[in-house]
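Undergrad: My structure is stored as structure01.cif, with mmCIF, C-alpha atoms.
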data_upload
loop_
_atom_site.label_atom_id
_atom_site.label_comp_id
_atom_site.auth_asym_id
_atom_site.auth_seq_id
_atom_site.Cartn_x
_atom_site.Cartn_y
_atom_site.Cartn_z
CA MET A 1 -4.65 -7.17 -7.14
CA THR A 2 -7.28 -9.76 -6.29
CA GLY A 3 -11.02 -8.99 -6.16
CA ASN A 4 -13.07 -5.87 -5.58
CA PRO A 5 -12.51 -3.67 -2.52
CA THR A 6 -13.88 -5.21 0.66
CA ILE A 7 -14.59 -3.13 3.75
CA ARG A 8 -14.07 -5.05 7.01
CA ILE A 9 -16.00 -3.88 10.05
CA VAL A 10 -14.75 -5.04 13.45
CA ASP A 11 -17.12 -3.95 16.19
CA ASP A 12 -18.69 -5.83 19.10
CA ASP A 13 -21.96 -3.89 18.79
CA PRO A 14 -24.28 -5.67 16.30
CA GLN A 15 -26.35 -2.54 15.69
CA VAL A 16 -23.25 -0.54 14.80
CA ARG A 17 -22.06 -3.29 12.47
CA GLU A 18 -25.42 -3.38 10.74
CA SER A 19 -25.72 0.40 10.34
CA ILE A 20 -22.19 0.77 8.95
CA ALA A 21 -22.73 -2.21 6.64
CA LEU A 22 -25.79 -0.51 5.17
CA VAL A 23 -23.74 2.62 4.44
CA ILE A 24 -21.03 0.55 2.73
CA GLU A 25 -23.54 -1.40 0.66
CA SER A 26 -25.09 1.90 -0.48
CA MET A 27 -21.62 2.74 -1.88
CA ASN A 28 -21.68 -0.48 -3.94
CA LEU A 29 -18.76 -1.92 -1.99
CA ARG A 30 -18.42 -5.38 -0.49
CA VAL A 31 -18.62 -5.60 3.28
CA GLU A 32 -17.59 -8.15 5.89
CA ALA A 33 -18.54 -7.72 9.55
CA TYR A 34 -16.83 -9.26 12.58
CA ALA A 35 -17.95 -9.21 16.20
CA SER A 36 -14.41 -9.34 17.59
CA ALA A 37 -10.76 -8.95 16.67
CA ALA A 38 -10.25 -12.68 17.20
CA GLU A 39 -13.01 -13.51 14.72
CA PHE A 40 -11.49 -11.11 12.18
CA LEU A 41 -7.98 -12.54 12.60
CA ALA A 42 -9.29 -16.06 12.06
CA GLN A 43 -11.12 -15.25 8.83
CA ASN A 44 -9.49 -12.24 7.17
CA ASP A 45 -8.02 -12.60 3.69
CA ALA A 46 -5.27 -9.99 3.44
CA SER A 47 -5.01 -10.45 -0.34
CA GLN A 48 -8.36 -8.67 -0.74
CA PRO A 49 -8.03 -4.89 -1.17
CA GLY A 50 -10.12 -2.49 0.86
CA CYS A 51 -9.91 -1.10 4.38
CA LEU A 52 -10.74 -1.69 8.03
CA ILE A 53 -13.32 0.04 10.20
CA LEU A 54 -12.36 -0.65 13.80
CA ASP A 55 -14.12 0.08 17.06
CA LEU A 56 -11.55 1.48 19.48
CA ARG A 57 -12.88 -0.25 22.59
CA MET A 58 -13.71 -3.95 22.35
CA PRO A 59 -13.33 -6.83 24.81
CA GLU A 60 -9.92 -8.55 24.85
CA ILE A 61 -8.40 -6.88 21.77
CA GLY A 62 -9.31 -3.26 21.01
CA GLY A 63 -9.25 -1.65 17.59
CA LEU A 64 -5.95 0.16 18.02
CA GLU A 65 -4.24 -2.95 19.40
CA LEU A 66 -5.58 -4.96 16.46
CA PHE A 67 -4.25 -2.36 14.02
CA HIS A 68 -0.80 -2.46 15.68
CA ARG A 69 -0.81 -6.27 15.51
CA LEU A 70 -1.70 -6.28 11.82
CA ALA A 71 1.01 -3.73 11.06
CA ASP A 72 3.59 -5.86 12.89
CA GLU A 73 2.55 -8.81 10.71
CA GLY A 74 2.90 -6.78 7.51
CA ASP A 75 -0.82 -6.39 6.85
CA CYS A 76 -1.06 -2.79 5.70
CA LEU A 77 -4.80 -2.40 5.24
CA PRO A 78 -5.75 1.24 5.86
CA ALA A 79 -7.85 1.63 9.00
CA ILE A 80 -10.57 3.98 10.16
CA ILE A 81 -10.87 4.06 13.95
CA ILE A 82 -14.35 4.71 15.36
CA THR A 83 -15.07 5.36 19.02
CA GLY A 84 -17.55 6.91 21.38
CA HIS A 85 -14.82 7.54 23.92
CA GLY A 86 -12.30 9.48 21.84
CA ASP A 87 -9.64 11.75 23.21
CA VAL A 88 -6.80 13.69 21.64
CA PRO A 89 -3.92 11.42 22.78
CA THR A 90 -5.67 8.33 21.43
CA ALA A 91 -6.47 10.11 18.17
CA VAL A 92 -2.84 11.14 17.78
CA GLU A 93 -1.66 7.59 18.53
CA ALA A 94 -4.06 6.18 15.93
CA ILE A 95 -2.94 8.58 13.23
CA LYS A 96 0.75 8.04 14.05
CA ALA A 97 0.17 4.29 13.79
CA GLY A 98 -1.06 4.84 10.24
CA ALA A 99 -4.83 5.08 10.62
CA VAL A 100 -6.47 6.97 7.77
CA ASN A 101 -8.93 8.71 10.05
CA PHE A 102 -10.21 8.83 13.61
CA ILE A 103 -13.98 9.30 13.81
CA GLU A 104 -15.75 10.02 17.06
CA LYS A 105 -19.37 9.05 17.60
CA PRO A 106 -21.77 10.48 16.68
CA TYR A 107 -20.38 10.92 13.17
CA SER A 108 -22.00 12.08 9.95
CA LEU A 109 -22.61 9.62 7.13
CA ASP A 110 -20.78 11.94 4.74
CA GLU A 111 -17.70 11.84 6.99
CA LEU A 112 -17.84 8.05 7.10
CA ARG A 113 -18.30 7.72 3.34
CA GLY A 114 -15.47 10.15 2.67
CA SER A 115 -13.12 8.28 4.99
CA ILE A 116 -14.00 4.95 3.36
CA ARG A 117 -13.37 6.32 -0.14
CA SER A 118 -10.01 7.76 0.93
CA ALA A 119 -8.97 4.52 2.61
CA VAL A 120 -9.93 2.37 -0.37
CA GLU A 121 -8.13 4.68 -2.80
CA LEU A 122 -5.03 4.57 -0.59
CA ASP A 123 -5.04 0.76 -0.52
CA VAL A 124 -5.57 0.47 -4.29
CA ARG A 125 -2.64 2.82 -4.95
CA ARG A 126 -0.44 0.91 -2.53
CA ARG A 127 -1.22 -2.44 -4.12
CA GLU A 128 -0.71 -1.06 -7.63
CA GLY A 129 2.66 0.32 -6.52
CA GLU A 130 3.67 -3.03 -5.06
CA LEU A 131 2.65 -4.81 -8.27
CA GLN A 132 4.59 -2.33 -10.38
CA ARG A 133 7.66 -2.71 -8.17
CA SER A 134 7.41 -6.51 -8.39
CA GLU A 135 7.19 -6.43 -12.19
CA LEU A 136 10.10 -4.01 -12.49
CA THR A 137 12.20 -6.08 -10.08
CA SER A 138 11.56 -9.15 -12.22
CA ARG A 139 12.77 -7.28 -15.31
CA PHE A 140 15.79 -5.91 -13.45
CA GLU A 141 16.79 -9.41 -12.38
CA ARG A 142 16.96 -10.44 -16.04
CA LEU A 143 19.75 -7.92 -16.66
CA ASN A 144 23.31 -9.24 -16.67
CA PRO A 145 25.82 -7.88 -14.10
CA GLN A 146 27.33 -5.38 -16.55
CA GLU A 147 23.90 -4.00 -17.44
CA ARG A 148 22.97 -3.68 -13.78
CA GLU A 149 26.08 -1.59 -13.18
CA VAL A 150 25.03 0.77 -15.97
CA VAL A 151 21.50 1.00 -14.54
CA GLN A 152 22.75 1.77 -11.03
CA LEU A 153 25.13 4.49 -12.22
CA THR A 154 22.51 5.97 -14.55
CA ALA A 155 19.98 6.09 -11.70
CA ALA A 156 22.60 7.85 -9.57
CA GLY A 157 22.72 10.64 -12.17
CA LYS A 158 26.03 9.79 -13.83
CA THR A 159 26.67 10.81 -17.44
CA ASP A 160 27.73 8.28 -20.07
CA LYS A 161 31.30 9.56 -19.89
CA GLN A 162 31.34 9.21 -16.10
CA ILE A 163 29.87 5.72 -16.31
CA ALA A 164 32.44 4.73 -18.94
CA VAL A 165 35.30 5.95 -16.74
CA SER A 166 33.87 4.23 -13.67
CA LEU A 167 33.50 0.89 -15.49
CA GLY A 168 36.65 1.16 -17.59
CA VAL A 169 34.79 0.90 -20.89
CA SER A 170 34.07 3.23 -23.80
CA PRO A 171 31.04 5.56 -23.91
CA ARG A 172 29.88 3.56 -26.96
CA THR A 173 29.86 0.38 -24.85
CA VAL A 174 27.77 2.17 -22.22
CA GLN A 175 25.29 3.25 -24.91
CA LEU A 176 25.03 -0.29 -26.32
CA ARG A 177 24.43 -1.72 -22.85
CA ARG A 178 21.78 0.88 -22.16
CA SER A 179 20.03 0.06 -25.44
CA SER A 180 19.79 -3.57 -24.32
CA ILE A 181 18.64 -2.45 -20.87
CA MET A 182 15.89 -0.26 -22.33
CA LYS A 183 14.47 -3.24 -24.23
CA LYS A 184 14.60 -5.58 -21.25
CA MET A 185 13.09 -3.02 -18.87
CA HIS A 186 10.48 -1.85 -21.44
CA ALA A 187 11.61 1.74 -20.93
CA GLY A 188 10.69 4.33 -23.55
CA SER A 189 13.24 6.94 -22.51
CA ARG A 190 16.28 7.49 -20.33
CA ALA A 191 14.12 9.44 -17.86
CA GLU A 192 11.65 6.55 -17.64
CA LEU A 193 14.50 4.10 -17.13
CA ILE A 194 15.88 6.24 -14.30
CA GLY A 195 12.46 6.31 -12.63
CA MET A 196 12.15 2.52 -12.93
CA ALA A 197 15.65 1.96 -11.57
CA GLN A 198 15.16 4.29 -8.64
CA LEU A 199 11.93 2.49 -7.72
CA VAL A 200 13.53 -0.96 -7.94
CA LEU A 201 16.68 0.08 -6.11
CA GLY A 202 14.76 1.91 -3.39
CA LEU A 203 16.34 5.28 -4.11
CA VAL A 204 13.04 7.13 -4.08
CA PRO A 205 9.72 6.48 -2.32
CA ASN A 206 6.91 4.87 -4.28
#
Take the structure in the file and give it back as structure tokens.
TA:
Amino acid sequence: MTGNPTIRIVDDDPQVRESIALVIESMNLRVEAYASAAEFLAQNDASQPGCLILDLRMPEIGGLELFHRLADEGDCLPAIIITGHGDVPTAVEAIKAGAVNFIEKPYSLDELRGSIRSAVELDVRRREGELQRSELTSRFERLNPQEREVVQLTAAGKTDKQIAVSLGVSPRTVQLRRSSIMKKMHAGSRAELIGMAQLVLGLVPN
């Protein structure tokens, strides 16, 4: 992960941007403010962790449209949607699209702070998970084809005897291959190895 969490505000109202920025700064978090979605898209650094605070209704590109566009491009920053014109269908659409929260003006500062904390924590966990998956994938790719077969069958819940029969080798050969696998994957136990393998192979959610 690169840098400290940065909260991006995208709102066409300068007073709103300033007031939200003051709240964020009081939380000892970095803040960037943009007057439009176009300005944000031109300057945003997606490698920086944090979250988005989006005004629902803005000229040209609204907050929800911006969030959809970012999601389509693979930018998964958590978003908090703020509006003075909220309604239930729009709130449902925002949450279904992946927004962390939908806040209707006037909102309490505690609600805003709580939403920001939740969004930042969500993004940090996501990025840590992606980094872990990348590191494990790199280790997995260093295994030879025979070792990968053992990993895949182990992750599928097969016993050593079942793996041996499936591969046409002895249980002792399976154990020796797994010993090598454990070292290469930096796994301390069979259970840990299974968890690593399932994560790399996409058998369980992160």
Undergrad: Write out as a PyMOL selection string which residues come within 10 Å of segment 145-155 of chain A when counting all atoms listed in the file, dropping same-chain ones fewer than 5 positions away.
TA: chain A and resi 140+160+162-164+166-167+174-182+190-191+193-199+201+203
Undergrad: Determine the residue membership of the PyMOL selection byres ((chain A and resi 12) around 10) for the file above and supply it as a PyMOL selection string.
TA: chain A and resi 9-11+13-17+33-37+54-55+57-59+62
Undergrad: Closest to Pro78 of chain A among A:Ser118, A:Ser108, A:Ser134, A:Ser170, using all atoms listed in the file?
TA: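 Under the stated criterion, the closest residue is A:Ser118.
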Undergrad: In Å, rounded to a single decimal, give me how far atom CA of Ile7 of chain A is from atom CA of Arg113 of chain A.
TA: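 Between these atoms lies a distance of 11.5 Å.
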Undergrad: Out of A:Ile53, A:Ile116, A:Ala71, A:Leu29, which residue has the shortest atom-to-atom distance to Gly98 of chain A when counting all atoms listed in the file?
TA: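 Closest candidate: A:Ala71.
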Undergrad: Expressed in Å to a single decimal, how great is the separation between atom CA of Lys161 of chain A and atom CA of Arg139 of chain A?
TA: 25.5 Å
Undergrad: Name the closest residue to Arg126 of chain A among the candidates A:Val200, A:Cys51, A:Ile61, A:Val169; distances are taken between atoms, counting all atoms listed in the file.
TA: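 Of all the options, A:Cys51 lies closest to Arg126 of chain A.
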Undergrad: For the atom pair atom CA of Ser138 of chain A and atom CA of Lys184 of chain A, what is the interatomic distance in Å to one decimal place?
TA: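 Taking atom CA of Ser138 of chain A and atom CA of Lys184 of chain A, their separation equals 10.2 Å.
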Undergrad: Name the residues in contact with Asp75 of chain A at a cut-off of 12 Å, using all atoms listed in the file, excluding same-chain residues fewer than 4 positions from it; report them as a list in words.
TA: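 Counting all atoms listed in the file, the residues come to Leu41, Asn44, Asp45, Ala46, Ser47, Gln48, Pro49, Gly50, Cys51, Leu52, Leu66, Phe67, His68, Arg69, Leu70, Ala71, Ala79, Gly98, Asp123, Arg126 and Arg127 of chain A.
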Undergrad: Given the PyMOL selection byres ((chain A and resi 100) around 6) and the file above, list the residues it selects as a CSV table (one decimal) with C-alpha atoms, keeping the file's coordinate frame.
TA:
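Output below, filename result-v5.csv:
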chain,number,residue,atom,x,y,z
A,79,ALA,CA,-7.8,1.6,9.0
A,80,ILE,CA,-10.6,4.0,10.2
A,99,ALA,CA,-4.8,5.1,10.6
A,101,ASN,CA,-8.9,8.7,10.0
Undergrad: Please supply segment 71-96 of chain A, rebuilt with N, CA, C and O atoms, as an mmCIF file, keeping the file's coordinate frame.
TA:
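Saved as rebuild_2.cif:
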data_model
loop_
_atom_site.group_PDB
_atom_site.id
_atom_site.type_symbol
_atom_site.label_atom_id
_atom_site.label_comp_id
_atom_site.auth_asym_id
_atom_site.auth_seq_id
_atom_site.Cartn_x
_atom_site.Cartn_y
_atom_site.Cartn_z
ATOM 1 N N ALA A 71 -0.153 -4.425 11.613
ATOM 2 C CA ALA A 71 1.010 -3.730 11.060
ATOM 3 C C ALA A 71 2.286 -4.504 11.341
ATOM 4 O O ALA A 71 3.170 -4.614 10.473
ATOM 5 N N ASP A 72 2.412 -5.060 12.535
ATOM 6 C CA ASP A 72 3.590 -5.860 12.890
ATOM 7 C C ASP A 72 3.710 -7.102 12.008
ATOM 8 O O ASP A 72 4.805 -7.588 11.741
ATOM 9 N N GLU A 73 2.558 -7.608 11.546
ATOM 10 C CA GLU A 73 2.550 -8.810 10.710
ATOM 11 C C GLU A 73 2.649 -8.477 9.220
ATOM 12 O O GLU A 73 2.620 -9.374 8.375
ATOM 13 N N GLY A 74 2.759 -7.193 8.905
ATOM 14 C CA GLY A 74 2.900 -6.780 7.510
ATOM 15 C C GLY A 74 1.599 -6.597 6.771
ATOM 16 O O GLY A 74 1.596 -6.421 5.555
ATOM 17 N N ASP A 75 0.483 -6.631 7.472
ATOM 18 C CA ASP A 75 -0.820 -6.390 6.850
ATOM 19 C C ASP A 75 -1.086 -4.892 6.901
ATOM 20 O O ASP A 75 -1.349 -4.331 7.962
ATOM 21 N N CYS A 76 -1.016 -4.250 5.738
ATOM 22 C CA CYS A 76 -1.060 -2.790 5.700
ATOM 23 C C CYS A 76 -2.405 -2.221 5.291
ATOM 24 O O CYS A 76 -2.482 -1.140 4.708
ATOM 25 N N LEU A 77 -3.482 -2.928 5.567
ATOM 26 C CA LEU A 77 -4.800 -2.400 5.240
ATOM 27 C C LEU A 77 -5.030 -1.062 5.942
ATOM 28 O O LEU A 77 -4.836 -0.962 7.157
ATOM 29 N N PRO A 78 -5.443 -0.030 5.212
ATOM 30 C CA PRO A 78 -5.750 1.240 5.860
ATOM 31 C C PRO A 78 -6.896 1.060 6.860
ATOM 32 O O PRO A 78 -7.801 0.260 6.624
ATOM 33 N N ALA A 79 -6.841 1.797 7.951
ATOM 34 C CA ALA A 79 -7.850 1.630 9.000
ATOM 35 C C ALA A 79 -8.504 2.957 9.361
ATOM 36 O O ALA A 79 -7.855 4.005 9.407
ATOM 37 N N ILE A 80 -9.793 2.870 9.613
ATOM 38 C CA ILE A 80 -10.570 3.980 10.160
ATOM 39 C C ILE A 80 -10.968 3.572 11.575
ATOM 40 O O ILE A 80 -11.576 2.526 11.772
ATOM 41 N N ILE A 81 -10.573 4.361 12.547
ATOM 42 C CA ILE A 81 -10.870 4.060 13.950
ATOM 43 C C ILE A 81 -12.121 4.819 14.364
ATOM 44 O O ILE A 81 -12.212 6.039 14.208
ATOM 45 N N ILE A 82 -13.105 4.089 14.900
ATOM 46 C CA ILE A 82 -14.350 4.710 15.360
ATOM 47 C C ILE A 82 -14.513 4.468 16.859
ATOM 48 O O ILE A 82 -14.298 3.356 17.341
ATOM 49 N N THR A 83 -14.888 5.509 17.582
ATOM 50 C CA THR A 83 -15.070 5.360 19.020
ATOM 51 C C THR A 83 -16.080 6.353 19.571
ATOM 52 O O THR A 83 -16.298 7.416 18.991
ATOM 53 N N GLY A 84 -16.688 5.982 20.658
ATOM 54 C CA GLY A 84 -17.550 6.910 21.380
ATOM 55 C C GLY A 84 -16.837 7.481 22.581
ATOM 56 O O GLY A 84 -17.408 8.214 23.374
ATOM 57 N N HIS A 85 -15.586 7.125 22.728
ATOM 58 C CA HIS A 85 -14.820 7.540 23.920
ATOM 59 C C HIS A 85 -13.500 8.186 23.485
ATOM 60 O O HIS A 85 -12.467 7.992 24.094
ATOM 61 N N GLY A 86 -13.538 8.944 22.396
ATOM 62 C CA GLY A 86 -12.300 9.480 21.840
ATOM 63 C C GLY A 86 -11.680 10.566 22.685
ATOM 64 O O GLY A 86 -12.365 11.291 23.397
ATOM 65 N N ASP A 87 -10.364 10.652 22.602
ATOM 66 C CA ASP A 87 -9.640 11.750 23.210
ATOM 67 C C ASP A 87 -8.449 12.065 22.332
ATOM 68 O O ASP A 87 -8.056 11.268 21.475
ATOM 69 N N VAL A 88 -7.873 13.230 22.524
ATOM 70 C CA VAL A 88 -6.800 13.690 21.640
ATOM 71 C C VAL A 88 -5.595 12.754 21.646
ATOM 72 O O VAL A 88 -5.094 12.395 20.581
ATOM 73 N N PRO A 89 -5.086 12.323 22.812
ATOM 74 C CA PRO A 89 -3.920 11.420 22.780
ATOM 75 C C PRO A 89 -4.173 10.133 22.004
ATOM 76 O O PRO A 89 -3.306 9.667 21.261
ATOM 77 N N THR A 90 -5.357 9.556 22.149
ATOM 78 C CA THR A 90 -5.670 8.330 21.430
ATOM 79 C C THR A 90 -5.774 8.600 19.937
ATOM 80 O O THR A 90 -5.325 7.801 19.110
ATOM 81 N N ALA A 91 -6.363 9.745 19.579
ATOM 82 C CA ALA A 91 -6.470 10.110 18.170
ATOM 83 C C ALA A 91 -5.086 10.274 17.555
ATOM 84 O O ALA A 91 -4.815 9.791 16.455
ATOM 85 N N VAL A 92 -4.202 10.940 18.273
ATOM 86 C CA VAL A 92 -2.840 11.140 17.780
ATOM 87 C C VAL A 92 -2.127 9.801 17.630
ATOM 88 O O VAL A 92 -1.433 9.555 16.635
ATOM 89 N N GLU A 93 -2.295 8.912 18.603
ATOM 90 C CA GLU A 93 -1.660 7.590 18.530
ATOM 91 C C GLU A 93 -2.174 6.815 17.320
ATOM 92 O O GLU A 93 -1.400 6.160 16.616
ATOM 93 N N ALA A 94 -3.479 6.890 17.062
ATOM 94 C CA ALA A 94 -4.060 6.180 15.930
ATOM 95 C C ALA A 94 -3.510 6.695 14.609
ATOM 96 O O ALA A 94 -3.154 5.911 13.719
ATOM 97 N N ILE A 95 -3.436 7.996 14.476
ATOM 98 C CA ILE A 95 -2.940 8.580 13.230
ATOM 99 C C ILE A 95 -1.447 8.269 13.054
ATOM 100 O O ILE A 95 -0.995 7.939 11.956
ATOM 101 N N LYS A 96 -0.671 8.362 14.129
ATOM 102 C CA LYS A 96 0.750 8.040 14.050
ATOM 103 C C LYS A 96 0.970 6.571 13.666
ATOM 104 O O LYS A 96 1.945 6.234 12.996
#
